[in-house]
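Participant: Below you will find the structure I want to go over with you.
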Amino acid sequence: MEIIAAVVSWGLSSTCQNVPRSSWLGSLCHKGIDTSDLSSRLSSTAQIYLPGSDGYTRATTRWSSLDTPGVNVAVVPGVEDDVAEIVKYANEKNLPFLAQSSGHGAITTVGRMQNGIEIWMNQLSSVDISDDGNTAVVGGGTLSKTVTDTLWAAGKQTVTGVCECTSLLGPGLGGGHGFLQGRHGLISDQFVSLNMVLSDGTMQTVDENSDLWWAVRGAGHNFGIVTSATIKIYDIRHRDWASTSFLFSGDKVEALYDNINKHLLDTQPADVINYSFFLNLPDVDPTKPVIMFYILQEGVTAVDTTYTAPFQELGPIATEAAGGSYTDLPAWTGNGNESPPCQKAGLVNVRFPIDVESYNITAQRKAYDLFASATQQNTVFNNSLFLFEGYPTQGVKSVSRETTAFPFRSDSLLLSPLITYAPAGPDLDKAAAKLGNDLRQILHEGTGRSELHIYVNYAFGDEKRENWYGYEQWRQERLLALKNKYDPLRKFSFYAPIA
């Protein structure tokens, strides 16, 4: 335990006898957090951060500032067993707790955790490749870039999320889309086993022999804290990757997304990705959003003209080609560590996702027009984006949908408005939520189906359980039965809760 934490713990323990309840220090004392006692249970490398310290700020700052958890103390485990001890301590004191890695989970349900303990996983960062090169053990707080770079240096790779700054396991517990899913499936499809701390503080290895195995691959946030995971890894098939990006004006909405339907979705191979978004670039078009569209291809130094020609014919404002490696993809698509989505700038960042099978062209136009009018008329929303992610699906669809809790394997596209703004009170929050839900509703009506499929890792938080975890009654019943067995006191009910 670092010296500063130990001194503060001793001081807090001594001061608690006389401190007024009205002070922030009193709130810690009277909520039963004795950091001296807690620190004595943890490893020498664990850390405890109190409000007002730089460490506390680093630990608790989140990507989205809307409905954030109320953290009385942030505890940083130094070893896996520390996580179990923190959970046991919280249970003894009847305190809520929430694990956090990069803090990019923007779902508003995490704000229900108040006056509790945050378990910041950032020290549990490691990637250890097995002797046979078929698996790796990844620490529970390891970020995607660390996984990718470590494996790449060893001639290996695996499925991670597309943002370098998010953890591997945060998205993975909710399924986890990624650039390599066409070959290998979702992040959760790479799990071989998970070391988890359950709600009572016990450690358990969850694998194919556990009844939790089904649930943790798609609804895992509801059942425990993963301290490490053994995952499948693969030889690098091709080191070369290429990108062609197009910038289109808003009058090309119909032609662009019709072309994507015709020339990519119907025949998209496992080594091709399409990715686009609406955004405002006043220097290009001061009155309406433009469309940025990417085609990424594996195993080439330039994207095949078979894929680019139909889009070049639409007359883009600009086109740019790049060649490099797999490790360049996040930066190319605006998801690198230095890119805006990876910055914690005190903004509200909320998404309203929907999974669909193909683009409804009429709905795309309606959504564009609403996004344009809303972000132009209300300039506080001007930095918002509308994301359209088209990853290959062969690997995802090759896994039987009944075998995991991830429910929507038949869908081909992940669409999501990302409403970004500086916080300014509840009225603006309501306006943002209405805009996001209205945009999603347009796309939902365009699907022609009653079911609303939502990628849980992007969820806003006001959706229903069936939107996150599937409409089949047997799915809901199985999840609830496992929840009742492994988390009867609902300790893990702050992130897209089953119950």
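Note on naming: chains are A, B, ... as they come in the structure tokens, residues start from 1 per chain, ligands start from 1 in the order shown.
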Under the rule of at most 10 Å, produce a per-residue listing of segment 294-362 of chain A near segment 132-152 of chain A: chain, number, name, the closest pair of atoms, and the distance in Å, as JSON lines, using only C-alpha atoms.

Facilitator:
```
{"residue": "A:Tyr326", "atom": "CA", "partner": "A:Trp152", "partner_atom": "CA", "distance": 8.8}
{"residue": "A:Thr327", "atom": "CA", "partner": "A:Thr148", "partner_atom": "CA", "distance": 7.3}
{"residue": "A:Pro330", "atom": "CA", "partner": "A:Lys145", "partner_atom": "CA", "distance": 9.3}
{"residue": "A:Gly336", "atom": "CA", "partner": "A:Lys145", "partner_atom": "CA", "distance": 8.7}
{"residue": "A:Asn337", "atom": "CA", "partner": "A:Lys145", "partner_atom": "CA", "distance": 8.4}
```

Participant: Quick one: residues within 9 Å of Tyr294 of chain A, only C-alpha atoms, excluding same-chain residues fewer than 3 positions away - as a short mmCIF file (atom, residue, chain, number, x, y, z; two decimals) with N, CA and C atoms, in the first residue's frame?

Facilitator:
```cif
data_model
loop_
_atom_site.label_atom_id
_atom_site.label_comp_id
_atom_site.auth_asym_id
_atom_site.auth_seq_id
_atom_site.Cartn_x
_atom_site.Cartn_y
_atom_site.Cartn_z
N SER A 243 -7.03 1.36 -46.29
CA SER A 243 -8.24 2.14 -46.05
C SER A 243 -8.46 3.10 -47.21
N THR A 244 -9.72 3.22 -47.61
CA THR A 244 -10.11 4.31 -48.50
C THR A 244 -11.26 5.04 -47.83
N SER A 245 -11.10 6.34 -47.65
CA SER A 245 -12.15 7.14 -47.02
C SER A 245 -12.74 8.11 -48.04
N PHE A 246 -14.03 8.34 -47.89
CA PHE A 246 -14.77 9.24 -48.77
C PHE A 246 -15.49 10.26 -47.92
N LEU A 247 -15.53 11.49 -48.37
CA LEU A 247 -16.33 12.53 -47.74
C LEU A 247 -17.44 12.93 -48.69
N ILE A 273 -14.43 -4.20 -44.17
CA ILE A 273 -15.24 -3.50 -43.17
C ILE A 273 -15.73 -2.20 -43.79
N ASN A 274 -16.98 -1.84 -43.51
CA ASN A 274 -17.44 -0.50 -43.90
C ASN A 274 -17.91 0.23 -42.65
N TYR A 275 -17.67 1.53 -42.62
CA TYR A 275 -17.83 2.31 -41.40
C TYR A 275 -18.11 3.74 -41.82
N SER A 276 -19.16 4.35 -41.28
CA SER A 276 -19.47 5.72 -41.70
C SER A 276 -20.10 6.49 -40.54
N TRP A 332 -7.16 5.44 -38.13
CA TRP A 332 -7.81 5.73 -39.40
C TRP A 332 -9.29 6.04 -39.23
N THR A 333 -9.94 5.33 -38.32
CA THR A 333 -11.39 5.47 -38.16
C THR A 333 -11.78 6.43 -37.03
#
```

Participant: Here is a test: counting only C-alpha atoms, which residue of A:His184, A:Lys156, A:His177, A:His444 is nearest to Ser398 of chain A?

Facilitator: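 Closest residue, counting only C-alpha atoms: A:His184.
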
Participant: May I have the residues within 8 Å of Ala459 of chain A as number ranges by chain, using only C-alpha atoms and disregarding those fewer than 3 positions away in the same chain?

Facilitator: A: 106-107, 351-353, 454-456, 463, 468, 496

Participant: Running DSSP on the backbone, which parts of segment 272-488 of chain A land in strand (DSSP E), as JSON, numbers by chain?

Facilitator: {"A": [272, 273, 274, 275, 276, 277, 278, 279, 290, 291, 292, 293, 294, 295, 296, 297, 298, 318, 319, 320, 321, 322, 323, 324, 325, 348, 349, 350, 351, 354, 355, 356, 385, 386, 387, 388, 389, 390, 413, 414, 415, 416, 417, 418, 419, 420, 421]}

Participant: Quick one: residues within 12 Å of Ser249 of chain A, only C-alpha atoms counted, chain neighbours fewer than 4 positions away excluded, as a PyMOL selection string?

Facilitator: chain A and resi 253-256+277-282+284-293+314-318+368+372

Participant: I need the residue nearest Ala309 of chain A from this list: A:His104, A:His263, A:Lys464, A:Arg409. Use only C-alpha atoms for the distance.

Facilitator: A:His263
